[in-house]
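With compact mmCIF, C-alpha atoms inside, this is my_file.txt:
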# COMPACT_ATOMS: atom_id res chain seq x y z
CA MET A 169 -18.00 -18.77 3.32
CA LEU A 170 -20.04 -16.62 0.94
CA GLN A 171 -19.18 -13.49 2.91
CA ARG A 172 -15.52 -14.46 2.82
CA LYS A 173 -15.61 -14.86 -0.95
CA LYS A 174 -17.30 -11.48 -1.32
CA SER A 175 -14.73 -9.78 0.91
CA ILE A 176 -11.76 -11.36 -0.84
CA THR A 177 -13.26 -10.56 -4.25
CA ARG A 178 -13.75 -6.95 -3.19
CA VAL A 179 -10.13 -6.73 -2.02
CA PHE A 180 -8.90 -8.18 -5.34
CA VAL A 181 -11.11 -5.78 -7.30
CA TYR A 182 -9.70 -2.83 -5.35
CA GLY A 183 -6.19 -4.18 -5.86
CA PHE A 184 -6.74 -4.64 -9.59
CA ALA A 185 -8.17 -1.13 -9.92
CA PHE A 186 -5.21 0.31 -8.02
CA ALA A 187 -2.73 -1.71 -10.10
CA SER A 188 -4.45 -0.51 -13.29
CA LEU A 189 -4.16 3.11 -12.20
CA ALA A 190 -0.53 2.53 -11.29
CA ALA A 191 0.12 0.97 -14.71
CA ILE A 192 -1.57 3.91 -16.44
CA PHE A 193 0.55 6.32 -14.41
CA LEU A 194 3.70 4.37 -15.28
CA VAL A 195 2.86 4.35 -19.00
CA TRP A 196 2.09 8.06 -18.85
CA SER A 197 5.42 8.74 -17.09
CA ILE A 198 7.31 6.68 -19.68
CA TYR A 199 5.50 8.52 -22.47
CA GLN A 200 6.34 11.88 -20.91
CA VAL A 201 10.01 11.15 -20.42
CA THR A 202 10.30 9.53 -23.87
CA THR A 203 8.62 12.51 -25.52
CA THR A 204 10.82 14.93 -23.61
CA ILE A 205 13.98 13.00 -24.50
CA MET A 206 13.05 12.84 -28.19
CA ARG A 207 12.09 16.51 -28.26
CA THR A 208 15.29 17.43 -26.44
CA ALA A 209 17.40 15.27 -28.75
CA THR A 210 15.90 17.02 -31.78
CA SER A 211 16.40 20.44 -30.19
CA VAL A 212 19.96 19.63 -29.15
CA SER A 213 20.81 18.42 -32.66
CA GLN A 214 19.20 21.51 -34.12
CA GLY A 215 21.07 23.72 -31.66
CA TYR A 216 24.39 22.19 -32.60
CA GLU A 217 23.58 22.73 -36.28
CA VAL A 218 22.76 26.40 -35.65
CA ILE A 219 26.00 26.92 -33.73
CA SER A 220 27.94 25.16 -36.47
CA ALA A 221 26.23 27.31 -39.14
CA ILE A 222 27.04 30.49 -37.19
CA LYS A 223 30.70 29.52 -36.96
CA ASP A 224 30.76 28.63 -40.66
CA LEU A 225 29.14 31.98 -41.49
CA GLN A 226 31.79 33.83 -39.50
CA SER A 227 34.51 31.89 -41.29
CA HIS A 228 33.02 32.54 -44.72
CA LEU A 229 32.61 36.24 -44.01
CA ILE A 230 36.29 36.35 -43.13
CA ASP A 231 37.07 34.48 -46.36
CA ALA A 232 34.98 37.01 -48.32
CA GLU A 233 36.77 39.88 -46.66
CA THR A 234 40.14 38.24 -47.36
CA GLY A 235 39.27 37.73 -51.04
CA GLU A 236 38.15 41.36 -51.30
CA ARG A 237 41.39 42.65 -49.81
CA GLY A 238 43.49 40.25 -51.91
CA TYR A 239 41.92 41.47 -55.12
CA VAL A 240 42.17 45.14 -54.16
CA ILE A 241 45.83 44.78 -53.24
CA THR A 242 46.99 42.51 -56.07
CA GLY A 243 44.37 43.04 -58.78
CA ASP A 244 44.49 39.27 -59.37
CA ALA A 245 41.18 38.12 -60.94
CA GLY A 246 41.84 34.63 -59.56
CA TYR A 247 40.20 35.77 -56.32
CA PHE A 248 36.79 36.03 -58.04
CA PRO A 249 35.82 32.29 -58.23
CA ALA A 250 36.73 31.78 -54.59
CA SER A 251 34.79 34.93 -53.66
CA ARG A 252 31.73 33.78 -55.58
CA ASP A 253 31.88 30.39 -53.81
CA THR A 254 32.25 32.14 -50.47
CA LEU A 255 29.26 34.40 -51.13
CA GLN A 256 27.20 31.32 -52.06
CA LYS A 257 28.25 29.62 -48.82
CA ILE A 258 27.31 32.74 -46.86
CA GLN A 259 23.85 32.57 -48.41
CA TRP A 260 23.52 28.87 -47.55
CA ASP A 261 24.62 29.50 -43.98
CA SER A 262 22.10 32.33 -43.67
CA ASP A 263 19.29 30.21 -45.05
CA LEU A 264 20.16 27.34 -42.67
CA ILE A 265 20.23 29.64 -39.66
CA ALA A 266 16.88 31.12 -40.72
CA ALA A 267 15.33 27.66 -41.07
CA LEU A 268 16.62 26.44 -37.70
CA THR A 269 15.70 29.50 -35.61
CA THR A 270 12.07 29.98 -36.63
CA ASP A 271 10.81 28.81 -33.19
CA SER A 272 12.68 31.55 -31.29
CA ALA A 273 11.40 35.16 -31.49
CA VAL A 274 14.71 36.48 -30.12
CA GLN A 275 16.77 34.61 -32.68
CA LYS A 276 14.43 35.64 -35.52
CA SER A 277 14.90 39.29 -34.53
CA ARG A 278 18.66 38.93 -34.42
CA TYR A 279 18.67 37.03 -37.70
CA ALA A 280 16.81 39.92 -39.37
CA GLU A 281 19.46 42.29 -38.05
CA LEU A 282 22.18 39.90 -39.25
CA GLN A 283 20.66 39.74 -42.73
CA ARG A 284 20.60 43.51 -42.92
CA LEU A 285 24.24 43.80 -41.83
CA ILE A 286 25.43 41.04 -44.15
CA ALA A 287 23.58 42.54 -47.11
CA TYR A 288 25.11 45.94 -46.34
CA ARG A 289 28.55 44.35 -45.98
CA LEU A 290 28.26 42.45 -49.24
CA LYS A 291 27.22 45.64 -51.03
CA THR A 292 30.31 47.36 -49.61
CA ILE A 293 32.52 44.53 -50.87
CA GLN A 294 30.85 44.72 -54.28
CA LEU A 295 31.42 48.46 -54.38
CA ILE A 296 35.11 48.05 -53.52
CA VAL A 297 35.56 45.32 -56.15
CA GLU A 298 33.82 47.39 -58.84
CA THR A 299 35.91 50.44 -57.91
CA ARG A 300 39.08 48.36 -58.29
CA LYS A 301 37.88 46.94 -61.61
CA ALA A 302 37.26 50.45 -62.94
CA GLY A 303 40.91 51.23 -62.32
CA GLY A 304 40.43 53.20 -59.18
CA VAL A 305 43.21 51.49 -57.31
CA ASP A 306 43.74 54.28 -54.85
CA ALA A 307 40.03 54.73 -54.29
CA ALA A 308 39.63 50.98 -53.70
CA HIS A 309 42.57 51.03 -51.30
CA GLN A 310 41.02 53.94 -49.51
CA LEU A 311 37.65 52.18 -49.20
CA VAL A 312 39.30 49.04 -47.80
CA SER A 313 41.19 51.05 -45.20
CA LEU A 314 38.18 52.96 -43.91
CA ASN A 315 37.20 52.39 -40.26
CA GLU A 316 33.63 51.77 -41.44
CA ASP A 317 34.83 48.51 -42.95
CA LYS A 318 35.97 47.27 -39.56
CA LEU A 319 32.82 48.53 -37.85
CA GLU A 320 30.62 46.57 -40.26
CA MET A 321 32.43 43.34 -39.50
CA ASP A 322 32.40 44.06 -35.78
CA ARG A 323 28.62 44.55 -35.87
CA ILE A 324 28.18 41.28 -37.77
CA ARG A 325 30.46 39.42 -35.36
CA SER A 326 28.56 40.91 -32.41
CA VAL A 327 25.20 39.72 -33.73
CA LEU A 328 26.63 36.29 -34.52
CA THR A 329 28.14 36.08 -31.02
CA GLN A 330 24.79 37.02 -29.48
CA MET A 331 23.02 34.43 -31.59
CA GLU A 332 25.57 31.79 -30.59
CA GLU A 333 25.24 32.66 -26.89
CA GLU A 334 21.44 32.54 -27.15
CA GLN A 335 21.65 29.19 -28.87
CA ASN A 336 23.96 27.87 -26.15
CA THR A 337 21.55 29.13 -23.50
CA GLN A 338 18.65 27.38 -25.20
CA LEU A 339 20.77 24.27 -25.62
CA ASN A 340 21.66 24.21 -21.91
CA ALA A 341 18.02 24.75 -20.98
CA ARG A 342 16.92 21.84 -23.17
CA ILE A 343 19.61 19.57 -21.75
CA GLY A 344 18.51 20.64 -18.27
CA ALA A 345 14.91 19.83 -19.19
CA ARG A 346 16.01 16.41 -20.39
CA ASP A 347 17.94 15.74 -17.16
CA SER A 348 14.96 16.98 -15.17
CA ALA A 349 12.69 14.62 -17.12
CA TYR A 350 15.03 11.74 -16.30
CA ALA A 351 15.03 12.68 -12.62
CA HIS A 352 11.24 13.14 -12.60
CA PHE A 353 10.78 9.75 -14.20
CA TRP A 354 12.96 7.94 -11.69
CA TRP A 355 11.34 9.76 -8.79
CA SER A 356 7.92 8.89 -10.18
CA PHE A 357 8.99 5.32 -10.78
CA GLY A 358 10.37 5.02 -7.25
CA ALA A 359 7.22 6.57 -5.78
CA LEU A 360 5.10 4.23 -7.88
CA ILE A 361 7.05 1.18 -6.67
CA ALA A 362 6.65 2.37 -3.07
CA VAL A 363 2.93 2.95 -3.52
CA MET A 364 2.48 -0.41 -5.24
CA ALA A 365 4.38 -2.11 -2.42
CA ALA A 366 2.14 -0.33 0.08
CA GLY A 367 -0.89 -1.41 -1.96
CA ALA A 368 0.32 -5.02 -1.96
CA LEU A 369 0.85 -4.88 1.80
CA TRP A 370 -2.63 -3.36 2.21
CA GLN A 371 -4.13 -6.11 0.08
CA PHE A 372 -2.26 -8.77 2.07
CA ALA A 373 -3.42 -7.17 5.33
CA GLN A 374 -7.02 -7.01 4.10
CA ILE A 375 -7.03 -10.66 3.04
CA ARG A 376 -5.43 -11.62 6.33
CA ARG A 377 -8.03 -9.59 8.20
CA VAL A 378 -10.81 -11.33 6.27
CA MET A 379 -9.28 -14.71 7.13
CA GLN A 380 -8.95 -13.72 10.79
CA LEU A 381 -12.53 -12.46 10.91
CA GLU A 382 -13.70 -15.69 9.34
CA ALA A 383 -11.65 -17.73 11.83
CA GLN A 384 -13.10 -15.66 14.67
CA ALA A 385 -16.60 -16.15 13.29
CA GLU A 386 -16.06 -19.90 12.99
CA GLN A 387 -14.64 -20.00 16.50
CA GLN A 388 -17.61 -18.02 17.78
CA ILE A 389 -20.05 -20.32 15.98
CA ARG A 390 -18.28 -23.36 17.41
CA HIS A 391 -18.31 -21.80 20.86
CA MET A 392 -22.04 -21.04 20.58
CA ALA A 393 -22.69 -24.61 19.42
CA GLU A 394 -20.90 -26.03 22.47
CA HIS A 395 -21.85 -23.55 25.21
CA ASP A 396 -24.96 -22.46 27.03
CA PRO A 397 -25.93 -18.94 25.84
CA LEU A 398 -27.08 -17.81 29.32
CA THR A 399 -24.21 -18.94 31.58
CA ASP A 400 -21.53 -19.53 28.89
CA LEU A 401 -20.92 -22.95 30.46
CA PRO A 402 -20.33 -25.98 28.22
CA ASN A 403 -23.62 -27.55 27.08
CA ARG A 404 -24.58 -31.24 26.86
CA ARG A 405 -22.68 -31.71 23.60
CA LYS A 406 -19.45 -30.31 25.00
CA LEU A 407 -19.99 -32.20 28.26
CA GLN A 408 -20.23 -35.55 26.51
CA THR A 409 -17.04 -34.94 24.55
CA LYS A 410 -15.05 -33.81 27.60
CA LEU A 411 -16.44 -36.58 29.79
CA GLU A 412 -15.39 -39.27 27.33
CA LEU A 413 -11.89 -37.74 27.18
CA ALA A 414 -11.70 -37.72 30.99
CA ILE A 415 -12.77 -41.38 31.10
CA ALA A 416 -10.18 -42.33 28.46
CA PHE A 417 -7.44 -40.57 30.41
CA ALA A 418 -8.60 -42.24 33.67
CA LYS A 419 -8.38 -45.65 32.00
CA ARG A 420 -4.73 -45.04 31.12
CA SER A 421 -3.79 -43.52 34.49
CA GLY A 422 -5.80 -45.87 36.68
CA ARG A 423 -7.49 -43.00 38.50
CA MET A 424 -11.16 -42.13 38.95
CA VAL A 425 -13.67 -39.69 37.45
CA ALA A 426 -16.67 -38.35 39.37
CA VAL A 427 -19.84 -37.05 37.71
CA MET A 428 -21.93 -34.72 39.87
CA PHE A 429 -25.50 -34.03 38.71
CA ILE A 430 -26.70 -30.81 40.41
CA ASP A 431 -30.31 -29.70 40.56
CA LEU A 432 -31.46 -26.48 42.25
CA ASP A 433 -34.11 -26.93 44.94
CA GLY A 434 -37.13 -24.65 44.59
CA PHE A 435 -35.92 -22.85 41.49
CA LYS A 436 -39.36 -22.97 39.87
CA ALA A 437 -40.87 -21.07 42.80
CA VAL A 438 -38.20 -18.37 42.55
CA ASN A 439 -38.71 -18.10 38.80
CA ASP A 440 -42.50 -17.85 39.13
CA SER A 441 -42.53 -15.38 42.03
CA LEU A 442 -39.68 -13.05 41.05
CA GLY A 443 -39.78 -13.34 37.24
CA HIS A 444 -37.70 -14.95 34.56
CA GLN A 445 -35.06 -12.22 34.58
CA THR A 446 -34.37 -12.83 38.25
CA GLY A 447 -34.32 -16.55 37.51
CA ASP A 448 -31.75 -16.02 34.75
CA ASP A 449 -29.59 -13.88 37.03
CA LEU A 450 -29.79 -16.56 39.69
CA LEU A 451 -28.64 -19.24 37.23
CA LYS A 452 -25.70 -17.10 36.14
CA GLU A 453 -24.64 -16.58 39.74
CA VAL A 454 -24.90 -20.30 40.48
CA ALA A 455 -22.74 -20.99 37.41
CA ARG A 456 -20.18 -18.47 38.64
CA ARG A 457 -20.05 -20.09 42.08
CA LEU A 458 -19.68 -23.56 40.61
CA ARG A 459 -16.70 -22.39 38.53
CA GLN A 460 -15.29 -20.65 41.57
CA GLY A 461 -15.59 -23.73 43.77
CA THR A 462 -14.04 -26.27 41.36
CA ARG A 463 -10.52 -26.81 40.09
CA SER A 464 -9.29 -25.55 36.72
CA SER A 465 -9.03 -29.17 35.53
CA ASP A 466 -12.69 -29.84 36.40
CA LEU A 467 -15.59 -29.29 34.01
CA VAL A 468 -18.76 -27.36 34.88
CA ALA A 469 -21.64 -27.67 32.39
CA ARG A 470 -25.31 -26.72 32.20
CA LEU A 471 -27.77 -29.18 30.69
CA GLY A 472 -30.70 -26.79 30.64
CA GLY A 473 -33.21 -25.31 33.10
CA ASP A 474 -31.75 -25.57 36.62
CA GLU A 475 -29.65 -28.69 35.95
CA PHE A 476 -25.85 -28.52 36.12
CA VAL A 477 -23.15 -31.17 35.86
CA VAL A 478 -19.66 -31.10 37.35
CA VAL A 479 -17.03 -33.58 36.14
CA LEU A 480 -14.14 -34.15 38.53
CA SER A 481 -11.18 -35.80 36.84
CA GLU A 482 -7.99 -37.41 38.18
CA LEU A 483 -9.42 -38.45 41.56
CA ASP A 484 -7.62 -40.87 43.83
CA ARG A 485 -10.45 -41.42 46.34
CA THR A 486 -14.23 -41.39 46.35
CA ASP A 487 -14.10 -39.09 49.34
CA ASP A 488 -12.67 -36.36 47.08
CA ALA A 489 -16.01 -36.27 45.26
CA THR A 490 -18.09 -36.13 48.43
CA LEU A 491 -15.91 -33.37 49.87
CA MET A 492 -16.36 -31.34 46.66
CA ALA A 493 -20.14 -31.94 46.78
CA SER A 494 -20.30 -30.63 50.36
CA LYS A 495 -18.23 -27.60 49.38
CA LEU A 496 -20.44 -26.74 46.42
CA ASN A 497 -23.62 -27.30 48.40
CA GLU A 498 -22.40 -24.90 51.06
CA LEU A 499 -21.16 -22.36 48.50
CA ILE A 500 -24.48 -22.19 46.65
CA ALA A 501 -26.49 -22.09 49.87
CA ARG A 502 -25.05 -18.68 50.70
CA PRO A 503 -27.46 -15.75 50.13
CA ILE A 504 -27.58 -14.40 46.58
CA THR A 505 -28.47 -10.71 46.16
CA ILE A 506 -30.39 -9.83 43.00
CA ASP A 507 -31.98 -6.40 42.52
CA GLY A 508 -31.64 -5.71 46.23
CA LYS A 509 -33.31 -8.98 47.26
CA ASN A 510 -31.55 -11.76 49.14
CA ILE A 511 -32.37 -15.14 47.67
CA ARG A 512 -31.46 -18.45 49.26
CA ILE A 513 -31.44 -21.65 47.31
CA SER A 514 -30.14 -25.12 47.96
CA THR A 515 -29.00 -27.97 45.74
CA SER A 516 -29.55 -31.67 45.42
CA ILE A 517 -26.49 -33.47 44.11
CA GLY A 518 -26.17 -36.97 42.69
CA ILE A 519 -22.71 -38.50 42.30
CA SER A 520 -21.47 -41.36 40.12
CA ILE A 521 -17.90 -42.67 40.00
CA PHE A 522 -15.92 -44.14 37.13
CA PRO A 523 -15.22 -47.04 36.89
CA ARG A 524 -17.37 -48.19 39.81
CA ASP A 525 -20.75 -46.91 38.50
CA GLY A 526 -20.24 -47.02 34.74
CA ARG A 527 -17.76 -47.44 31.92
CA CYS A 528 -19.00 -44.62 29.66
CA GLY A 529 -20.35 -41.09 29.92
CA GLU A 530 -23.98 -41.98 29.35
CA GLU A 531 -23.93 -44.57 32.13
CA LEU A 532 -22.30 -42.17 34.58
CA LEU A 533 -24.74 -39.35 33.75
CA GLY A 534 -27.69 -41.74 34.11
CA LYS A 535 -26.48 -43.00 37.49
CA ALA A 536 -25.83 -39.46 38.72
CA ASP A 537 -29.30 -38.36 37.56
CA ASP A 538 -30.87 -41.24 39.49
CA ALA A 539 -28.89 -40.23 42.57
CA VAL A 540 -30.32 -36.67 42.33
CA TYR A 541 -33.83 -38.04 42.68
CA GLN A 542 -32.69 -39.98 45.74
CA ALA A 543 -31.26 -36.75 47.21
CA LYS A 544 -34.51 -34.88 46.60
CA ALA A 545 -36.55 -37.75 48.02
CA GLY A 546 -34.33 -37.70 51.09
CA GLY A 547 -35.17 -34.09 51.87
CA LYS A 548 -33.14 -32.03 49.33
CA ASN A 549 -30.13 -29.80 50.14
CA GLN A 550 -27.82 -32.83 50.21
CA TYR A 551 -25.83 -35.17 48.02
CA GLN A 552 -26.27 -38.85 47.32
CA MET A 553 -23.89 -41.40 45.81
CA ALA A 554 -25.17 -43.60 43.00
CA LYS A 555 -26.17 -47.06 44.10
CA CYS A 556 -23.78 -49.78 43.11
CA GLY A 557 -24.96 -52.59 40.87
Show how you would write the structure in this file as structure tokens.
Amino acid sequence: MLQRKKSITRVFVYGFAFASLAAIFLVWSIYQVTTTIMRTATSVSQGYEVISAIKDLQSHLIDAETGERGYVITGDAGYFPASRDTLQKIQWDSDLIAALTTDSAVQKSRYAELQRLIAYRLKTIQLIVETRKAGGVDAAHQLVSLNEDKLEMDRIRSVLTQMEEEQNTQLNARIGARDSAYAHFWWSFGALIAVMAAGALWQFAQIRRVMQLEAQAEQQIRHMAEHDPLTDLPNRRKLQTKLELAIAFAKRSGRMVAVMFIDLDGFKAVNDSLGHQTGDDLLKEVARRLRQGTRSSDLVARLGGDEFVVVLSELDRTDDATLMASKLNELIARPITIDGKNIRISTSIGISIFPRDGRCGEELLGKADDAVYQAKAGGKNQYQMAKCG
């Protein structure tokens, strides 16, 4: 019982440790995917803001260029407030892009180039506006129509396009990382469930194995308590239980039970002359022959030393017992070879019959034991029936 408790406790400790590790792994996986999702959400939001700022910057640059051309063509000073607002918005867009792209070396490099181009473009616009204000209408018109004006805007648009494409690439990568984190989490979760199920099955199997080992140990202990360790035949305790059951069954069926008390003739001489090992081997062979010569429903037991008992159940005639006694006497009388030596031994058998000679197991065993002494006194190597009365 103590060993069982220790084994089961050990299995539960292992199971708890495994479950704890699994829980830690699950928490870690949840933390990882949650962190990745939050980081990705922030990056995605930031990416959308950068893209929006880039588009706004392009729009405001176009507005600035439109205001410049409108003033040069019409000379209407009403374009100035709108132009000032547009220039302010361009500055805000630039600052926002700068703030949102600080974690990307590529974007920082392109932003520096963008700043240079925008500053150059704004100076050009300022120059054109000042030229127009000074009355140089033709000169202002000429500056507006120069190809350099278009090239400046094309360079700015190119850098903005590159920045937008880079931002989209980063955005797609972050979304992919988020999707990968989701997939990794579910794969990890599925693997964890599978491993935990396997662990539960292992724990169940271990507990079952402990229970089976305990049952086997109990069965072995019970077997040892009821059987002779040398011949593995039932001992006196088992004999008494089985004999009482046979008597009870015979009472209901109206049939007979025979108890045969068997004692080996001259066993002590064999044991003393050839040694205890030879004596043990001889007893085991006698036990084997007794089992061989009886029916499967009969009981063969060893009481100790060279004394055996055979219980014959469900008999219809007394002659069935005497016939079995003759058979066993003849079977055991055959030569027994042990360590190259032929040994001959005979038996003296005493027989008692239920219900004629007794109503319980103790009475039948006592009568059969008395009959053995009669057989030995009569010359051994024979059987004797118990005396009636």
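Using only C-alpha atoms, the smallest distance between any of A:Val468, A:Leu451, A:Met392, A:Ala418 and A:Lys436 comes from A:Leu451.
Closest approach to A:Met428 among A:Phe372, A:Tyr551, A:Trp354, A:Tyr541 is made by A:Tyr551 (distances from only C-alpha atoms).
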Please report the interatomic distance between atom CA of A:Ala545 and atom CA of A:Phe435 in Å with one decimal.
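These two atoms are separated by 16.3 Å.
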Nearest to A:Pro523 among A:Ala373, A:Ala493, A:Ala351, A:Met424, with distances taken over all atoms listed in the file: which residue is it?
A:Met424
In Å, how far is it from atom CA of A:Val427 to atom CA of A:Phe522?
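The value is 8.1 Å.
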Determine, counting all atoms listed in the file, which protein, DNA and RNA residues have an atom within 6 Å of an atom of stretch 477-487 of chain A; residues of the same chain fewer than 2 positions away are not included. Present the result as a ChimeraX atom specification.
/A:423-430,466-469,489-490
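The interatomic distance for the pair atom CA of A:Arg524 and atom CA of A:Met553 works out to 11.2 Å.
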Could you pull the residues within 9 Å of A:Glu332, counting all atoms listed in the file, minus those fewer than 2 positions along the same chain, as a PyMOL selection string?
chain A and resi 218-219+222-223+327-330+334-337
